[in-house]
>>> print(open('model_22.txt').read())   # compact mmCIF, C-alpha atoms
# COMPACT_ATOMS: atom_id res chain seq x y z
CA MET H 1 -47.19 -54.16 -22.51
CA ARG H 2 -44.21 -55.58 -20.56
CA GLN H 3 -45.61 -59.10 -20.90
CA ARG H 4 -46.13 -58.68 -24.65
CA SER H 5 -42.61 -57.32 -25.10
CA LEU H 6 -41.17 -60.19 -23.07
CA VAL H 7 -43.02 -62.78 -25.20
CA CYS H 8 -41.74 -61.15 -28.37
CA LEU H 9 -38.19 -61.05 -27.05
CA LEU H 10 -38.25 -64.69 -25.94
CA LEU H 11 -39.60 -65.80 -29.28
CA ALA H 12 -37.05 -63.76 -31.17
CA LEU H 13 -34.20 -65.20 -29.11
CA ALA H 14 -35.45 -68.76 -29.51
CA VAL H 15 -35.90 -68.49 -33.24
CA THR H 16 -32.65 -66.65 -33.84
CA ALA H 17 -30.81 -69.41 -32.04
CA SER H 18 -32.56 -72.02 -34.21
CA GLY H 19 -31.72 -70.36 -37.53
CA CYS H 20 -35.17 -69.04 -38.46
CA THR H 21 -36.16 -65.43 -39.00
CA VAL H 22 -38.80 -63.55 -37.01
CA GLN H 23 -41.03 -61.52 -39.30
CA ARG H 24 -43.42 -59.83 -36.92
CA TYR H 25 -45.19 -60.30 -33.64
CA TRP H 26 -47.96 -58.43 -31.93
CA GLY H 27 -50.90 -59.25 -29.69
CA GLY H 28 -51.68 -60.61 -26.28
CA SER H 29 -50.44 -63.28 -23.92
CA SER H 30 -48.02 -66.08 -24.71
CA ASN H 31 -50.57 -68.86 -24.29
CA THR H 32 -54.08 -68.48 -25.66
CA ALA H 33 -54.93 -72.17 -26.11
CA GLY H 34 -58.48 -72.77 -24.96
CA SER H 35 -59.05 -69.09 -24.13
CA GLY H 36 -61.24 -68.31 -27.13
CA ARG H 37 -58.65 -65.85 -28.42
CA ALA H 38 -56.84 -66.94 -31.57
CA SER H 39 -53.05 -66.99 -31.58
CA VAL H 40 -51.88 -67.61 -35.14
CA GLY H 41 -48.40 -68.58 -36.30
CA LEU H 42 -47.41 -68.40 -39.97
CA VAL H 43 -44.41 -70.32 -41.33
CA THR H 44 -43.42 -69.49 -44.91
CA LYS H 45 -40.69 -70.91 -47.13
CA THR H 46 -38.64 -67.69 -47.19
CA GLU H 47 -39.01 -64.11 -46.03
CA THR H 48 -37.93 -62.44 -49.29
CA ASN H 49 -40.00 -63.98 -52.10
CA PRO H 50 -42.71 -61.38 -52.95
CA TYR H 51 -45.36 -64.09 -53.03
CA PHE H 52 -44.68 -65.07 -49.42
CA VAL H 53 -44.38 -61.41 -48.41
CA GLU H 54 -47.92 -60.96 -49.78
CA LEU H 55 -49.10 -64.05 -47.92
CA ARG H 56 -47.55 -62.80 -44.68
CA ASN H 57 -48.94 -59.28 -45.02
CA ALA H 58 -52.42 -60.56 -45.83
CA ALA H 59 -52.39 -62.97 -42.89
CA GLY H 60 -51.17 -60.25 -40.53
CA ALA H 61 -53.85 -57.83 -41.70
CA ALA H 62 -56.57 -60.47 -41.37
CA ALA H 63 -55.38 -61.40 -37.88
CA LYS H 64 -55.37 -57.78 -36.77
CA ALA H 65 -58.84 -57.18 -38.22
CA GLN H 66 -60.20 -60.24 -36.37
CA GLY H 67 -58.46 -59.55 -33.05
CA ALA H 68 -56.01 -62.45 -33.19
CA ASP H 69 -52.41 -62.55 -32.01
CA PHE H 70 -49.98 -63.18 -34.87
CA VAL H 71 -46.37 -64.23 -35.40
CA ALA H 72 -44.68 -64.99 -38.72
CA LEU H 73 -41.47 -66.96 -39.17
CA ALA H 74 -39.61 -68.25 -42.21
CA GLY H 75 -36.78 -70.53 -43.19
CA GLN H 76 -33.55 -68.89 -44.30
CA PHE H 77 -33.74 -70.18 -47.89
CA ASP H 78 -36.02 -72.08 -50.25
CA GLY H 79 -35.82 -75.72 -49.16
CA ASP H 80 -34.87 -75.00 -45.53
CA ASN H 81 -36.90 -77.81 -43.96
CA ASP H 82 -34.89 -77.73 -40.74
CA GLY H 83 -35.67 -74.04 -40.32
CA GLN H 84 -39.36 -74.69 -40.74
CA VAL H 85 -39.28 -77.56 -38.24
CA LYS H 86 -37.64 -75.30 -35.66
CA ALA H 87 -40.19 -72.56 -36.37
CA ILE H 88 -43.06 -74.98 -35.72
CA GLU H 89 -41.46 -76.14 -32.47
CA ASN H 90 -40.92 -72.57 -31.29
CA MET H 91 -44.51 -71.64 -32.04
CA VAL H 92 -45.85 -74.63 -30.11
CA GLN H 93 -43.65 -73.67 -27.15
CA GLN H 94 -45.04 -70.14 -27.26
CA GLY H 95 -48.63 -71.41 -27.10
CA VAL H 96 -50.11 -70.63 -30.51
CA ASN H 97 -53.34 -72.49 -31.16
CA THR H 98 -53.09 -72.45 -34.98
CA ILE H 99 -50.12 -72.79 -37.32
CA LEU H 100 -50.43 -71.84 -40.98
CA ILE H 101 -47.56 -73.23 -43.05
CA THR H 102 -46.32 -73.22 -46.63
CA PRO H 103 -44.16 -76.36 -46.41
CA ASN H 104 -40.88 -76.38 -48.31
CA SER H 105 -41.31 -80.09 -48.85
CA SER H 106 -44.50 -82.10 -48.89
CA THR H 107 -42.89 -84.58 -46.48
CA GLY H 108 -39.97 -82.77 -44.81
CA VAL H 109 -41.92 -81.25 -41.91
CA LEU H 110 -44.51 -83.96 -41.26
CA ALA H 111 -43.07 -85.14 -37.93
CA ALA H 112 -43.08 -81.60 -36.52
CA ILE H 113 -46.62 -81.04 -37.77
CA ASP H 114 -47.73 -84.30 -36.14
CA ARG H 115 -46.24 -83.23 -32.81
CA ALA H 116 -48.00 -79.86 -33.06
CA ARG H 117 -51.36 -81.46 -33.79
CA LYS H 118 -50.95 -83.89 -30.89
CA ALA H 119 -50.37 -80.83 -28.70
CA GLY H 120 -53.79 -79.51 -29.72
CA VAL H 121 -52.62 -77.05 -32.38
CA LEU H 122 -54.70 -76.67 -35.53
CA VAL H 123 -52.35 -76.93 -38.54
CA ILE H 124 -53.37 -75.57 -41.94
CA ALA H 125 -51.26 -75.75 -45.08
CA LEU H 126 -51.31 -72.69 -47.32
CA ASP H 127 -50.23 -72.68 -50.98
CA THR H 128 -48.47 -76.07 -50.82
CA ALA H 129 -50.10 -79.35 -49.90
CA THR H 130 -48.46 -81.94 -47.69
CA ASP H 131 -48.13 -85.58 -48.73
CA PRO H 132 -50.40 -87.03 -47.54
CA GLU H 133 -52.86 -84.14 -47.38
CA SER H 134 -54.24 -85.67 -44.17
CA ALA H 135 -50.99 -84.72 -42.40
CA VAL H 136 -52.61 -81.31 -41.79
CA ASP H 137 -56.13 -80.48 -40.75
CA ALA H 138 -56.88 -78.57 -43.96
CA THR H 139 -55.21 -77.00 -47.00
CA TYR H 140 -56.06 -73.64 -48.58
CA ALA H 141 -54.19 -73.46 -51.87
CA THR H 142 -54.14 -73.19 -55.60
CA ASP H 143 -54.78 -76.49 -57.34
CA ASN H 144 -51.31 -76.46 -58.88
CA VAL H 145 -52.02 -79.36 -61.22
CA ALA H 146 -54.97 -77.40 -62.58
CA ALA H 147 -52.89 -74.21 -62.86
CA GLY H 148 -50.18 -76.08 -64.79
CA ARG H 149 -52.84 -77.65 -66.99
CA GLU H 150 -54.24 -74.19 -67.80
CA GLN H 151 -50.78 -72.96 -68.81
CA GLY H 152 -50.22 -76.03 -70.97
CA ALA H 153 -53.62 -75.74 -72.64
CA TYR H 154 -52.92 -72.09 -73.47
CA VAL H 155 -49.48 -72.82 -74.98
CA LYS H 156 -50.92 -75.68 -77.02
CA ALA H 157 -53.73 -73.47 -78.36
CA ALA H 158 -51.33 -70.62 -79.13
CA LEU H 159 -49.14 -72.95 -81.19
CA GLY H 160 -52.13 -73.39 -83.48
CA GLY H 161 -51.64 -77.05 -84.26
CA ILE H 162 -47.86 -76.85 -84.75
CA PRO H 163 -46.10 -79.65 -82.85
CA PRO H 164 -44.31 -78.28 -79.78
CA LYS H 165 -40.53 -78.07 -79.50
CA LEU H 166 -40.44 -77.39 -75.80
CA ILE H 167 -38.01 -76.24 -73.14
CA MET H 168 -39.10 -76.59 -69.51
CA ILE H 169 -37.63 -74.38 -66.78
CA ASP H 170 -38.76 -76.06 -63.58
CA GLY H 171 -38.57 -74.95 -59.94
CA THR H 172 -36.99 -76.78 -57.01
CA ALA H 173 -36.48 -80.48 -57.69
CA GLY H 174 -38.72 -82.64 -55.53
CA SER H 175 -40.96 -79.84 -54.27
CA THR H 176 -44.69 -80.43 -54.37
CA VAL H 177 -45.57 -77.23 -56.22
CA ASP H 178 -42.88 -77.83 -58.84
CA THR H 179 -44.01 -81.41 -59.45
CA TYR H 180 -47.71 -80.53 -59.64
CA ARG H 181 -47.23 -77.60 -62.02
CA HIS H 182 -44.82 -79.56 -64.23
CA ASN H 183 -47.18 -82.52 -64.48
CA GLY H 184 -50.22 -80.32 -65.02
CA PHE H 185 -48.51 -78.43 -67.85
CA LEU H 186 -47.68 -81.67 -69.64
CA GLN H 187 -51.30 -82.76 -69.29
CA GLY H 188 -52.48 -79.46 -70.74
CA ILE H 189 -50.11 -79.48 -73.71
CA GLY H 190 -50.67 -83.19 -74.27
CA LEU H 191 -47.18 -84.61 -73.74
CA ALA H 192 -45.74 -87.36 -71.59
CA ASP H 193 -42.74 -86.69 -69.36
CA GLY H 194 -39.64 -87.55 -71.37
CA ALA H 195 -41.39 -87.12 -74.73
CA PRO H 196 -39.09 -86.32 -77.69
CA GLU H 197 -40.90 -83.00 -78.14
CA ILE H 198 -39.21 -81.82 -74.93
CA ALA H 199 -35.95 -80.37 -76.26
CA GLY H 200 -34.55 -79.68 -72.81
CA ARG H 201 -35.37 -79.07 -69.17
CA ASP H 202 -33.61 -77.86 -66.03
CA ASN H 203 -34.35 -76.62 -62.52
CA ALA H 204 -33.98 -72.95 -61.58
CA ASN H 205 -35.32 -72.97 -57.99
CA GLY H 206 -37.75 -70.20 -58.90
CA ASP H 207 -34.86 -67.73 -59.29
CA GLN H 208 -34.65 -65.27 -62.18
CA SER H 209 -30.84 -65.23 -62.51
CA ILE H 210 -30.57 -69.02 -62.32
CA ALA H 211 -33.36 -69.38 -64.88
CA GLN H 212 -31.53 -67.10 -67.31
CA GLN H 213 -28.34 -69.12 -66.90
CA LYS H 214 -30.11 -72.46 -67.30
CA MET H 215 -31.97 -71.24 -70.40
CA GLU H 216 -28.71 -69.98 -71.91
CA ASN H 217 -27.15 -73.40 -71.31
CA LEU H 218 -30.09 -75.20 -72.92
CA LEU H 219 -30.06 -72.89 -75.95
CA GLN H 220 -26.41 -73.77 -76.54
CA ARG H 221 -27.61 -77.28 -77.31
CA SER H 222 -30.44 -76.23 -79.64
CA THR H 223 -32.29 -73.07 -80.65
CA ASP H 224 -34.93 -75.01 -82.61
CA ILE H 225 -37.75 -74.39 -80.12
CA ASN H 226 -41.20 -72.84 -80.24
CA ALA H 227 -42.52 -73.24 -76.69
CA VAL H 228 -41.28 -72.62 -73.14
CA TYR H 229 -42.76 -73.70 -69.83
CA THR H 230 -41.76 -71.65 -66.77
CA MET H 231 -42.64 -72.70 -63.24
CA ASN H 232 -43.15 -69.11 -61.99
CA GLU H 233 -42.82 -65.53 -63.15
CA PRO H 234 -39.24 -64.82 -61.99
CA THR H 235 -38.30 -67.93 -63.99
CA GLY H 236 -40.21 -66.51 -66.95
CA ARG H 237 -38.31 -63.23 -66.78
CA GLY H 238 -34.99 -65.07 -66.68
CA ALA H 239 -35.94 -67.28 -69.61
CA TYR H 240 -37.06 -64.24 -71.60
CA ALA H 241 -33.72 -62.48 -71.05
CA ALA H 242 -31.85 -65.49 -72.44
CA LEU H 243 -34.20 -65.79 -75.42
CA GLN H 244 -34.01 -62.08 -76.17
CA ALA H 245 -30.21 -62.13 -76.10
CA ARG H 246 -30.27 -64.72 -78.89
CA GLY H 247 -33.03 -63.01 -80.87
CA LEU H 248 -35.46 -65.83 -80.19
CA ALA H 249 -38.06 -64.13 -78.00
CA GLY H 250 -40.44 -63.54 -80.90
CA GLN H 251 -40.52 -67.14 -82.10
CA VAL H 252 -41.66 -68.92 -78.93
CA VAL H 253 -44.90 -69.19 -76.98
CA MET H 254 -44.08 -68.93 -73.28
CA GLY H 255 -46.40 -69.23 -70.30
CA SER H 256 -45.95 -68.89 -66.55
CA ILE H 257 -47.78 -69.10 -63.22
CA ASP H 258 -48.14 -66.71 -60.27
CA GLY H 259 -50.25 -63.64 -61.02
CA GLY H 260 -48.01 -61.13 -59.31
CA CYS H 261 -48.43 -57.55 -60.47
CA GLN H 262 -44.97 -57.58 -62.06
CA GLY H 263 -45.85 -60.81 -63.87
CA VAL H 264 -49.11 -59.39 -65.22
CA ALA H 265 -47.16 -56.35 -66.43
CA ASN H 266 -44.72 -58.76 -68.11
CA VAL H 267 -47.63 -60.28 -70.04
CA ARG H 268 -48.90 -56.83 -71.00
CA ASP H 269 -45.40 -55.90 -72.21
CA GLY H 270 -44.95 -59.10 -74.21
CA LEU H 271 -42.27 -60.94 -72.23
CA TYR H 272 -44.50 -63.99 -72.22
CA GLN H 273 -47.95 -64.56 -73.67
CA ALA H 274 -49.82 -65.69 -70.57
CA THR H 275 -49.59 -66.28 -66.85
CA VAL H 276 -51.90 -68.16 -64.50
CA MET H 277 -52.93 -66.03 -61.54
CA GLN H 278 -53.28 -67.46 -58.06
CA PHE H 279 -54.67 -65.71 -54.99
CA PRO H 280 -52.41 -65.73 -51.89
CA ARG H 281 -54.51 -63.12 -50.09
CA LYS H 282 -57.50 -65.44 -50.24
CA MET H 283 -55.44 -68.34 -48.84
CA ALA H 284 -54.16 -66.24 -45.94
CA GLU H 285 -57.49 -64.63 -45.10
CA GLN H 286 -59.40 -67.92 -45.15
CA GLY H 287 -56.70 -69.59 -43.06
CA VAL H 288 -56.84 -66.87 -40.39
CA THR H 289 -60.65 -66.96 -40.36
CA ALA H 290 -60.50 -70.72 -39.75
CA ALA H 291 -58.00 -70.14 -36.92
CA VAL H 292 -60.29 -67.61 -35.25
CA GLU H 293 -63.24 -70.00 -35.55
CA TYR H 294 -61.17 -72.81 -34.05
CA ALA H 295 -60.16 -70.69 -31.07
CA ARG H 296 -63.77 -69.69 -30.49
CA THR H 297 -65.61 -73.00 -31.06
CA GLN H 298 -62.92 -75.72 -31.49
CA LYS H 299 -64.40 -76.38 -34.95
CA LYS H 300 -61.72 -77.46 -37.43
CA PRO H 301 -61.75 -77.07 -41.22
CA SER H 302 -60.92 -80.15 -43.26
CA GLY H 303 -59.81 -81.25 -46.71
CA PHE H 304 -58.41 -79.31 -49.68
CA ILE H 305 -59.97 -75.92 -50.36
CA ASP H 306 -59.06 -74.67 -53.86
CA THR H 307 -58.63 -70.89 -53.84
CA GLY H 308 -58.73 -70.71 -57.65
CA SER H 309 -56.61 -69.75 -60.64
CA VAL H 310 -57.20 -67.63 -63.76
CA VAL H 311 -55.31 -67.38 -67.07
CA ILE H 312 -54.19 -63.80 -67.75
CA THR H 313 -53.43 -62.86 -71.36
CA ASP H 314 -54.06 -60.16 -73.95
CA LYS H 315 -54.07 -62.84 -76.67
CA PRO H 316 -57.04 -65.04 -75.72
CA MET H 317 -57.33 -68.49 -77.28
CA PRO H 318 -60.50 -70.42 -78.13
CA GLY H 319 -61.34 -73.01 -75.51
CA VAL H 320 -59.09 -71.45 -72.85
CA PRO H 321 -61.04 -69.19 -70.43
CA SER H 322 -59.01 -66.08 -69.57
CA GLN H 323 -59.00 -62.48 -68.39
CA ASN H 324 -56.98 -59.62 -69.88
CA THR H 325 -54.15 -57.73 -68.19
CA ASP H 326 -56.42 -54.83 -67.19
CA TRP H 327 -58.38 -57.28 -65.05
CA GLY H 328 -55.14 -58.88 -63.96
CA LEU H 329 -53.67 -55.61 -62.73
CA GLN H 330 -56.81 -54.96 -60.70
CA ASN H 331 -56.62 -58.36 -59.01
CA CYS H 332 -52.89 -59.11 -58.85
CA TRP H 333 -50.77 -59.40 -55.71
CA GLY H 334 -47.60 -57.49 -54.87
CA ASN H 335 -46.56 -53.97 -55.79
CA LYS H 336 -48.42 -52.44 -58.73
>>> encode(input="model_22.txt", output="structure tokens")
Amino acid sequence: MRQRSLVCLLLALAVTASGCTVQRYWGGSSNTAGSGRASVGLVTKTETNPYFVELRNAAGAAAKAQGADFVALAGQFDGDNDGQVKAIENMVQQGVNTILITPNSSTGVLAAIDRARKAGVLVIALDTATDPESAVDATYATDNVAAGREQGAYVKAALGGIPPKLIMIDGTAGSTVDTYRHNGFLQGIGLADGAPEIAGRDNANGDQSIAQQKMENLLQRSTDINAVYTMNEPTGRGAYAALQARGLAGQVVMGSIDGGCQGVANVRDGLYQATVMQFPRKMAEQGVTAAVEYARTQKKPSGFIDTGSVVITDKPMPGVPSQNTDWGLQNCWGNK
């Protein structure tokens, strides 16, 4: 117990000094490489976003169930590449044999990942792919282009042949997930980036308050809209608040992506017509299972493993496969 406490303390001190945040640590010795016992490190984008809380909790539970040591760290804010780099370096120093990471940027942590892999650490991306994907050993994630395409196809079908007059509330500029979902949505609705049907667009960094402000600003330019793209569900809630304040909520078709329990309830309650559910628990559980297998046999997973996505709506559209909110609330992530 003294050794375990000392390892935890040393890791906490190292990460605190580097600007990252320790989430949890439990398990055995500080160096399990080659021992057959898995030591898994998880690096998420932030520690507060409910999606990453779900990912962390699921990974921790899977590690405990499979007898693996586990530590979880996060950057201090969305886009904190330096914090993630320092977290990777600290984990390598502490002797983890697998790192699971949701990279803030598809390219911002590649050098640190390369150093970890050269040190014999298996590196798996969760939720967000690196660029190139070969920078990590494997990726367990939603196909975000496909998820965006599903949202776009739903909005197009719900418009019933009426040409779109679209506002797009994006996420963090330059992030992989934001780019993939944005591009996928445009494919699904059948528009090119910069098309005249796009009445306005802005970035909200996935934040509800920022999304409300950005939507309010865009509506000052024009209220002649009938469709809204939102990058995630907090963005959708912010956009809805701005639309409702102007009496416009009933005239637009709005979609989102995430599949959190609050988001599914939003669909049920009519804030937006549909959301695309993803499955962070599956990503985390499969990543930990791969880590345990690697520690036991040195066998590495490879390539992109799509963990799936499902449209959730109580207003199904022909040609767009979906599930209703009852199903969604049974399969959602986060607090119900």
>>> residues_around(input="model_22.txt", residues="segment 143-152 of chain H", least_positions_apart="4", cutoff="8 Å", atoms="all atoms listed in the file", output="list in words")
Lys156, Val177, Tyr180, Arg181, His182, Asn183, Gly184, Phe185, Leu186, Gln187, Gly188, Ile189, Gly190, Tyr229, Gly255, Ser256, Ile257, Ala274, Thr275, Val276, Asp306, Thr307, Gly308, Ser309, Val310, Val311 and Val320 of chain H
>>> residues_around(input="model_22.txt", residues="Ala227 of chain H", least_positions_apart="3", cutoff="7 Å", atoms="all atoms listed in the file", output="PyMOL selection string")
chain H and resi 164-167+252-254
>>> closest_residue(input="model_22.txt", among="H:Ala116, H:Ala125, H:Ile169, H:Ile162", to="Thr102 of chain H", atoms="only C-alpha atoms")
H:Ala125
>>> residues_near_point(input="model_22.txt", point="(-63.2, -70.1, -35.2)", cutoff="9 Å", atoms="only C-alpha atoms", output="number ranges by chain")
H: 36, 38, 288-300
>>> closest_residue(input="model_22.txt", among="H:Ala63, H:Gly206, H:Ile99, H:Met91", to="Gly79 of chain H", atoms="only C-alpha atoms")
H:Gly206
>>> closest_residue(input="model_22.txt", among="H:Leu73, H:Ala119, H:Val109, H:Ala129", to="Gln93 of chain H", atoms="all atoms listed in the file")
H:Ala119
>>> atom_distance(input="model_22.txt", atom1="atom CA of Lys214 of chain H", atom2="atom CA of Gly328 of chain H")
28.7 Å
>>> closest_residue(input="model_22.txt", among="H:Asn57, H:Asn49, H:Ser39, H:Gln273", to="Gly260 of chain H", atoms="only C-alpha atoms")
H:Asn49
